[in-house]
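See structure below.
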Amino acid sequence: MFLMFTFLIAGGSLITTLVEPPLPEFQNHLLNGTPVAAKQVVCRNRWGTPMMPDGKGSYSIIAPPNQAFIEKSLIQPPLTSAPVYRPGSGAPSALSLVAPAVDSPEGTK
């Protein structure tokens, strides 16, 4: 009887599926009280206060959320397929984003 009870518990835990509830949209607030979705926070200060990109290459605790600045700040060059911005250079052209073809060395066919 005890053996049957053990199998009943083990079998019930394997057959049952766990459905996790969806997470709610978490909100943060800037110091000026502006609500910001947690997924749009790109930087925090050492106290955990959300900081928004200010469009000048830095972050501010009072800068208003600007979707274009947030999208640029979320670019991660190895992971995101977006052109890398380098200060002092213009916008990259389509030809500069394509890797040049490498000629095969002589003697290989």
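Letters for chains follow the order of the structure tokens (A, B, ...), residue numbers begin at 1 for each chain, and ligand numbers begin at 1 in the order shown.
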
So that I can check the surroundings of Gln27 (chain A), please list as JSON, numbers by chain every protein, DNA and RNA residue that reaches within 6 Å of it, counting only C-alpha atoms and ignoring chain neighbours fewer than 3 positions away. {"A": [36, 37, 38]}

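Omitting Ser73 (chain A) and its sequence neighbours fewer than 4 positions away, and counting only C-alpha atoms, the residues within 12 Å are Gln40, Val41, Val42, Cys43, Met51, Met52, Pro53, Asp54, Gly55, Lys56, Gly57, Ser58, Tyr59, Pro65, Asn66, Gln67, Ala68, Phe69, Pro77, Thr80, Ala82, Val84 and Tyr85 of chain A.
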
Could you write out that same residue set with C-alpha atoms as a compact mmCIF listing (two decimals), in the first residue's frame?
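Result went into part28.txt, see below:
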# COMPACT_ATOMS: atom_id res chain seq x y z
CA GLN A 40 12.36 51.07 -21.44
CA VAL A 41 14.76 51.90 -18.60
CA VAL A 42 18.21 51.77 -20.13
CA CYS A 43 20.32 53.05 -17.24
CA MET A 51 17.74 57.38 -15.99
CA MET A 52 16.68 58.26 -19.54
CA PRO A 53 18.99 59.07 -22.46
CA ASP A 54 19.09 62.81 -23.05
CA GLY A 55 20.13 62.71 -26.74
CA LYS A 56 23.60 64.11 -26.01
CA GLY A 57 25.26 60.76 -25.39
CA SER A 58 24.56 60.72 -21.67
CA TYR A 59 21.73 59.95 -19.25
CA PRO A 65 11.25 59.61 -22.15
CA ASN A 66 11.95 59.91 -25.88
CA GLN A 67 11.28 56.70 -27.82
CA ALA A 68 13.94 57.42 -30.47
CA PHE A 69 16.63 58.00 -27.81
CA PRO A 77 26.33 45.85 -31.41
CA THR A 80 21.50 43.79 -32.35
CA ALA A 82 21.95 47.97 -36.16
CA VAL A 84 27.25 51.23 -34.79
CA TYR A 85 27.46 54.99 -34.27

Checklist entry - Looking only at the backbone, which of the residues in region 41-84 of chain A does DSSP tag as helix (DSSP H, G or I), as a ChimeraX atom specification? => result /A:67-73
